[in-house]
Amino acid sequence: MTGRTEIGTGVLSSAKSWSPELVVPAPVCRFENFLGAERSDALLDYAISREEHFAAGTVMDPLTGRLSVKGRDSLVLPVSSPVLSRHLADCLPLVQEVLGHRTPLSRSLTVLSSHGEGGHFGVHTDASHVPDVATALSAVYYLHRRPRGFGGGQLRLYDTAVRGGRAERAESWRTIEPDHDSLVFFPSSAFHEVVPSTCPSGRFSDHRFTLTTWIS
């Protein structure tokens with residue numbers, strides 16, 4: 001065995017200033033086969049049957065409070081479901097344990113969304129949907145016909161970079177496939193987006209459907 005070799009200043013020189021960037025991976029919990037075939041198919045049929053009740057999704061400008069469709073192309077329908085809420089509540093203790101989340105959660109808001117040809121939602125957080133985004137969780141449940149009638153539509157969940165003492169979107173992310181009857185939880189403060197989808201048939205029944213619940 002040879003002696004220890006020193007890494008000299010010619011390789012690793014001293015620096016007058018040193019400001020490394022802290023990047024925190026986006027925490028996420030994903031469940032497969034969440035409701036089971038019978039209930040998920042019934043829920044998909046319900047979503048398809050409500051086509052005429054969907055309206056264009058909007059985005060709230062955090063500075064002016066005004067609503068617009070800028071950066072978003074989707075259809076939405078506010079809904080409520082005591083059964084779905086109970087299933088989500090059953091998962092919360094495990095989810096909070098995995099995500100290191102300790103804040104009690106008692107309120108929720110749910111919307112049914114549809115993405116077709118060109119459907120997308122640009123980079124954002126869910127701050128406008130919850131009273132205190134720092135303590136809230138977002139849950140996204142996916143539905144679609146099999147075989148899948150659309151392409152794209154993945155959830156891109158960004159890591160968080162700490163720059164100058166502020167949390168900002170990092171340049172790294174993880175991609176979540178919108179698989180039927182799967183559910184993902186993530187912090188509502190996390191930056192995320194829905195990448196553009198395609199729907200060759202143009203039929204509403206072939207869209208990418210989600211039930212998104214914000215829990216605070």
# chains A, B, ... in the order shown; residues from 1 in each chain; ligands from 1
>>> residues_around(residues="range 98-105 of chain A", least_positions_apart="4", cutoff="7 Å", atoms="only C-alpha atoms", output="compact mmCIF listing (two decimals) with C-alpha atoms, in the first residue's frame")
# COMPACT_ATOMS: atom_id res chain seq x y z
CA PRO A 27 -40.38 14.94 -2.69
CA LEU A 94 -48.27 7.44 5.30
CA THR A 135 -47.91 23.64 4.60
CA ILE A 215 -55.17 19.69 0.83
CA SER A 216 -54.49 22.38 3.43
>>> residues_around(residues="range 161-174 of chain A", least_positions_apart="5", cutoff="7 Å", atoms="only C-alpha atoms", output="compact mmCIF listing (two decimals) with N, CA and C atoms, in the first residue's frame")
# COMPACT_ATOMS: atom_id res chain seq x y z
N GLU A 21 -24.61 26.19 -4.60
CA GLU A 21 -26.07 26.24 -4.72
C GLU A 21 -26.68 24.99 -4.10
N LEU A 22 -27.58 25.19 -3.16
CA LEU A 22 -28.27 24.08 -2.53
C LEU A 22 -29.47 23.70 -3.38
N VAL A 23 -29.56 22.43 -3.77
CA VAL A 23 -30.69 21.93 -4.55
C VAL A 23 -31.37 20.83 -3.75
N VAL A 24 -32.66 21.02 -3.47
CA VAL A 24 -33.44 20.07 -2.70
C VAL A 24 -34.32 19.26 -3.66
N ARG A 156 -44.12 17.30 -14.85
CA ARG A 156 -42.70 17.59 -14.62
C ARG A 156 -42.60 18.31 -13.27
N PHE A 191 -42.52 23.74 -7.63
CA PHE A 191 -42.73 24.15 -9.01
C PHE A 191 -42.99 22.91 -9.86
>>> atom_distance(atom1="CA of Tyr158 in chain A", atom2="CA of Val123 in chain A")
9.0 Å
>>> atom_distance(atom1="CA of Tyr46 in chain A", atom2="CA of Pro131 in chain A")
29.8 Å
>>> residues_around(residues="Cys199 in chain A", least_positions_apart="4", cutoff="12 Å", atoms="only C-alpha atoms", output="ChimeraX atom specification")
/A:114-119,144,148-153,203-208
>>> closest_atom_pairs(of="range 38-151 of chain A", to="range 183-190 of chain A", cutoff="8 Å", atoms="only C-alpha atoms", output="tab-separated table")
residue	atom	partner	partner_atom	distance
A:Val95	CA	A:Phe185	CA	7.4
A:Thr125	CA	A:Ser189	CA	5.5
A:Asp126	CA	A:Ser188	CA	5.2
A:Ala127	CA	A:Ser189	CA	6.6
A:Val133	CA	A:Ser189	CA	5.5
A:Ala134	CA	A:Ser189	CA	5.7
A:Thr135	CA	A:Pro187	CA	7.7
A:Ala136	CA	A:Ser188	CA	5.5
A:Leu137	CA	A:Pro187	CA	4.5
A:Ser138	CA	A:Ser188	CA	5.1
A:Ala139	CA	A:Phe185	CA	4.4
A:Val140	CA	A:Val184	CA	5.3
A:Tyr141	CA	A:Leu183	CA	4.3
A:Tyr142	CA	A:Leu183	CA	6.4
>>> write_last_selection(atoms="N, CA and C atoms", output="mmCIF file, in the first residue's frame")
data_model
loop_
_atom_site.group_PDB
_atom_site.id
_atom_site.type_symbol
_atom_site.label_atom_id
_atom_site.label_comp_id
_atom_site.auth_asym_id
_atom_site.auth_seq_id
_atom_site.Cartn_x
_atom_site.Cartn_y
_atom_site.Cartn_z
ATOM 1 N N VAL A 95 -48.325 9.238 3.671
ATOM 2 C CA VAL A 95 -47.730 10.249 2.799
ATOM 3 C C VAL A 95 -46.958 11.281 3.609
ATOM 4 N N THR A 125 -46.727 27.020 -9.208
ATOM 5 C CA THR A 125 -46.989 26.335 -7.942
ATOM 6 C C THR A 125 -48.499 26.407 -7.711
ATOM 7 N N ASP A 126 -48.966 25.724 -6.691
ATOM 8 C CA ASP A 126 -50.403 25.721 -6.407
ATOM 9 C C ASP A 126 -50.775 26.744 -5.336
ATOM 10 N N ALA A 127 -50.012 27.824 -5.284
ATOM 11 C CA ALA A 127 -50.194 28.837 -4.247
ATOM 12 C C ALA A 127 -51.588 29.460 -4.258
ATOM 13 N N VAL A 133 -49.527 27.898 1.280
ATOM 14 C CA VAL A 133 -48.928 26.941 0.350
ATOM 15 C C VAL A 133 -47.756 26.200 0.973
ATOM 16 N N ALA A 134 -47.082 26.797 1.953
ATOM 17 C CA ALA A 134 -45.908 26.162 2.543
ATOM 18 C C ALA A 134 -46.257 24.916 3.353
ATOM 19 N N THR A 135 -47.524 24.784 3.760
ATOM 20 C CA THR A 135 -47.914 23.644 4.597
ATOM 21 C C THR A 135 -48.909 22.711 3.906
ATOM 22 N N ALA A 136 -49.166 22.945 2.621
ATOM 23 C CA ALA A 136 -50.203 22.185 1.917
ATOM 24 C C ALA A 136 -49.616 21.113 1.010
ATOM 25 N N LEU A 137 -50.462 20.156 0.644
ATOM 26 C CA LEU A 137 -50.091 19.089 -0.274
ATOM 27 C C LEU A 137 -51.025 19.092 -1.476
ATOM 28 N N SER A 138 -50.498 18.725 -2.639
ATOM 29 C CA SER A 138 -51.294 18.545 -3.850
ATOM 30 C C SER A 138 -51.345 17.062 -4.177
ATOM 31 N N ALA A 139 -52.510 16.602 -4.601
ATOM 32 C CA ALA A 139 -52.694 15.205 -4.982
ATOM 33 C C ALA A 139 -53.303 15.154 -6.379
ATOM 34 N N VAL A 140 -52.677 14.426 -7.291
ATOM 35 C CA VAL A 140 -53.157 14.332 -8.666
ATOM 36 C C VAL A 140 -53.440 12.871 -8.997
ATOM 37 N N TYR A 141 -54.694 12.604 -9.341
ATOM 38 C CA TYR A 141 -55.138 11.249 -9.689
ATOM 39 C C TYR A 141 -55.407 11.198 -11.191
ATOM 40 N N TYR A 142 -54.849 10.186 -11.880
ATOM 41 C CA TYR A 142 -54.899 10.120 -13.349
ATOM 42 C C TYR A 142 -55.915 9.098 -13.856
#
>>> atom_distance(atom1="CA of Trp214 in chain A", atom2="CA of Val195 in chain A")
20.2 Å
>>> decode(residues="range 124-212 of chain A", atoms="C-alpha atoms", output="mmCIF file, in the first residue's frame")
data_model
loop_
_atom_site.group_PDB
_atom_site.id
_atom_site.type_symbol
_atom_site.label_atom_id
_atom_site.label_comp_id
_atom_site.auth_asym_id
_atom_site.auth_seq_id
_atom_site.Cartn_x
_atom_site.Cartn_y
_atom_site.Cartn_z
ATOM 1 C CA HIS A 124 -46.321 27.148 -11.575
ATOM 2 C CA THR A 125 -46.989 26.335 -7.942
ATOM 3 C CA ASP A 126 -50.403 25.721 -6.407
ATOM 4 C CA ALA A 127 -50.194 28.837 -4.247
ATOM 5 C CA SER A 128 -53.481 30.285 -5.528
ATOM 6 C CA HIS A 129 -55.483 27.228 -4.413
ATOM 7 C CA VAL A 130 -54.531 27.005 -0.728
ATOM 8 C CA PRO A 131 -54.392 29.454 2.225
ATOM 9 C CA ASP A 132 -50.831 28.541 3.230
ATOM 10 C CA VAL A 133 -48.928 26.941 0.350
ATOM 11 C CA ALA A 134 -45.908 26.162 2.543
ATOM 12 C CA THR A 135 -47.914 23.644 4.597
ATOM 13 C CA ALA A 136 -50.203 22.185 1.917
ATOM 14 C CA LEU A 137 -50.091 19.089 -0.274
ATOM 15 C CA SER A 138 -51.294 18.545 -3.850
ATOM 16 C CA ALA A 139 -52.694 15.205 -4.982
ATOM 17 C CA VAL A 140 -53.157 14.332 -8.666
ATOM 18 C CA TYR A 141 -55.138 11.249 -9.689
ATOM 19 C CA TYR A 142 -54.899 10.120 -13.349
ATOM 20 C CA LEU A 143 -57.570 8.638 -15.604
ATOM 21 C CA HIS A 144 -57.566 7.665 -19.271
ATOM 22 C CA ARG A 145 -58.841 5.072 -21.708
ATOM 23 C CA ARG A 146 -56.769 1.980 -22.494
ATOM 24 C CA PRO A 147 -55.004 1.886 -24.820
ATOM 25 C CA ARG A 148 -54.054 5.486 -24.146
ATOM 26 C CA GLY A 149 -55.592 7.867 -26.700
ATOM 27 C CA PHE A 150 -53.168 10.719 -26.070
ATOM 28 C CA GLY A 151 -49.430 11.300 -26.016
ATOM 29 C CA GLY A 152 -47.316 13.438 -23.708
ATOM 30 C CA GLY A 153 -49.046 15.061 -20.765
ATOM 31 C CA GLN A 154 -46.404 14.077 -18.216
ATOM 32 C CA LEU A 155 -46.098 15.917 -14.924
ATOM 33 C CA ARG A 156 -42.704 17.592 -14.615
ATOM 34 C CA LEU A 157 -41.899 18.153 -10.945
ATOM 35 C CA TYR A 158 -38.967 20.506 -10.420
ATOM 36 C CA ASP A 159 -36.385 20.390 -7.649
ATOM 37 C CA THR A 160 -36.001 23.493 -5.485
ATOM 38 C CA ALA A 161 -32.830 25.592 -5.577
ATOM 39 C CA VAL A 162 -31.926 27.924 -2.716
ATOM 40 C CA ARG A 163 -30.338 31.078 -4.116
ATOM 41 C CA GLY A 164 -29.595 34.099 -1.960
ATOM 42 C CA GLY A 165 -31.744 32.678 0.811
ATOM 43 C CA ARG A 166 -34.770 32.272 -1.494
ATOM 44 C CA ALA A 167 -36.405 29.114 -2.817
ATOM 45 C CA GLU A 168 -36.498 29.052 -6.621
ATOM 46 C CA ARG A 169 -37.051 26.544 -9.409
ATOM 47 C CA ALA A 170 -33.987 24.414 -10.106
ATOM 48 C CA GLU A 171 -32.944 23.257 -13.572
ATOM 49 C CA SER A 172 -33.441 19.610 -12.586
ATOM 50 C CA TRP A 173 -36.706 17.720 -12.345
ATOM 51 C CA ARG A 174 -38.366 14.324 -12.263
ATOM 52 C CA THR A 175 -41.013 13.161 -14.711
ATOM 53 C CA ILE A 176 -44.255 11.472 -13.627
ATOM 54 C CA GLU A 177 -46.151 9.445 -16.234
ATOM 55 C CA PRO A 178 -49.945 10.012 -16.201
ATOM 56 C CA ASP A 179 -50.785 6.310 -15.819
ATOM 57 C CA HIS A 180 -54.435 5.346 -15.368
ATOM 58 C CA ASP A 181 -55.525 4.776 -11.748
ATOM 59 C CA SER A 182 -52.302 6.192 -10.310
ATOM 60 C CA LEU A 183 -52.016 8.975 -7.758
ATOM 61 C CA VAL A 184 -49.156 11.313 -6.816
ATOM 62 C CA PHE A 185 -48.750 13.554 -3.781
ATOM 63 C CA PHE A 186 -46.256 16.424 -3.644
ATOM 64 C CA PRO A 187 -45.870 19.720 -1.734
ATOM 65 C CA SER A 188 -48.116 22.451 -3.136
ATOM 66 C CA SER A 189 -45.145 24.837 -2.968
ATOM 67 C CA ALA A 190 -43.199 22.754 -5.509
ATOM 68 C CA PHE A 191 -42.727 24.153 -9.011
ATOM 69 C CA HIS A 192 -44.322 21.864 -11.592
ATOM 70 C CA GLU A 193 -45.837 21.815 -15.064
ATOM 71 C CA VAL A 194 -47.854 19.603 -17.393
ATOM 72 C CA VAL A 195 -45.949 19.151 -20.650
ATOM 73 C CA PRO A 196 -47.973 19.452 -23.899
ATOM 74 C CA SER A 197 -50.152 16.533 -24.908
ATOM 75 C CA THR A 198 -51.369 15.281 -28.265
ATOM 76 C CA CYS A 199 -54.726 13.697 -29.048
ATOM 77 C CA PRO A 200 -54.756 12.416 -32.654
ATOM 78 C CA SER A 201 -58.432 11.378 -32.636
ATOM 79 C CA GLY A 202 -59.649 14.723 -31.287
ATOM 80 C CA ARG A 203 -62.280 12.880 -29.247
ATOM 81 C CA PHE A 204 -62.987 14.086 -25.725
ATOM 82 C CA SER A 205 -63.026 10.481 -24.529
ATOM 83 C CA ASP A 206 -59.365 10.129 -25.537
ATOM 84 C CA HIS A 207 -58.233 13.086 -23.415
ATOM 85 C CA ARG A 208 -55.922 12.932 -20.401
ATOM 86 C CA PHE A 209 -58.108 13.293 -17.283
ATOM 87 C CA THR A 210 -57.056 14.153 -13.743
ATOM 88 C CA LEU A 211 -58.680 14.746 -10.401
ATOM 89 C CA THR A 212 -56.504 17.272 -8.604
#
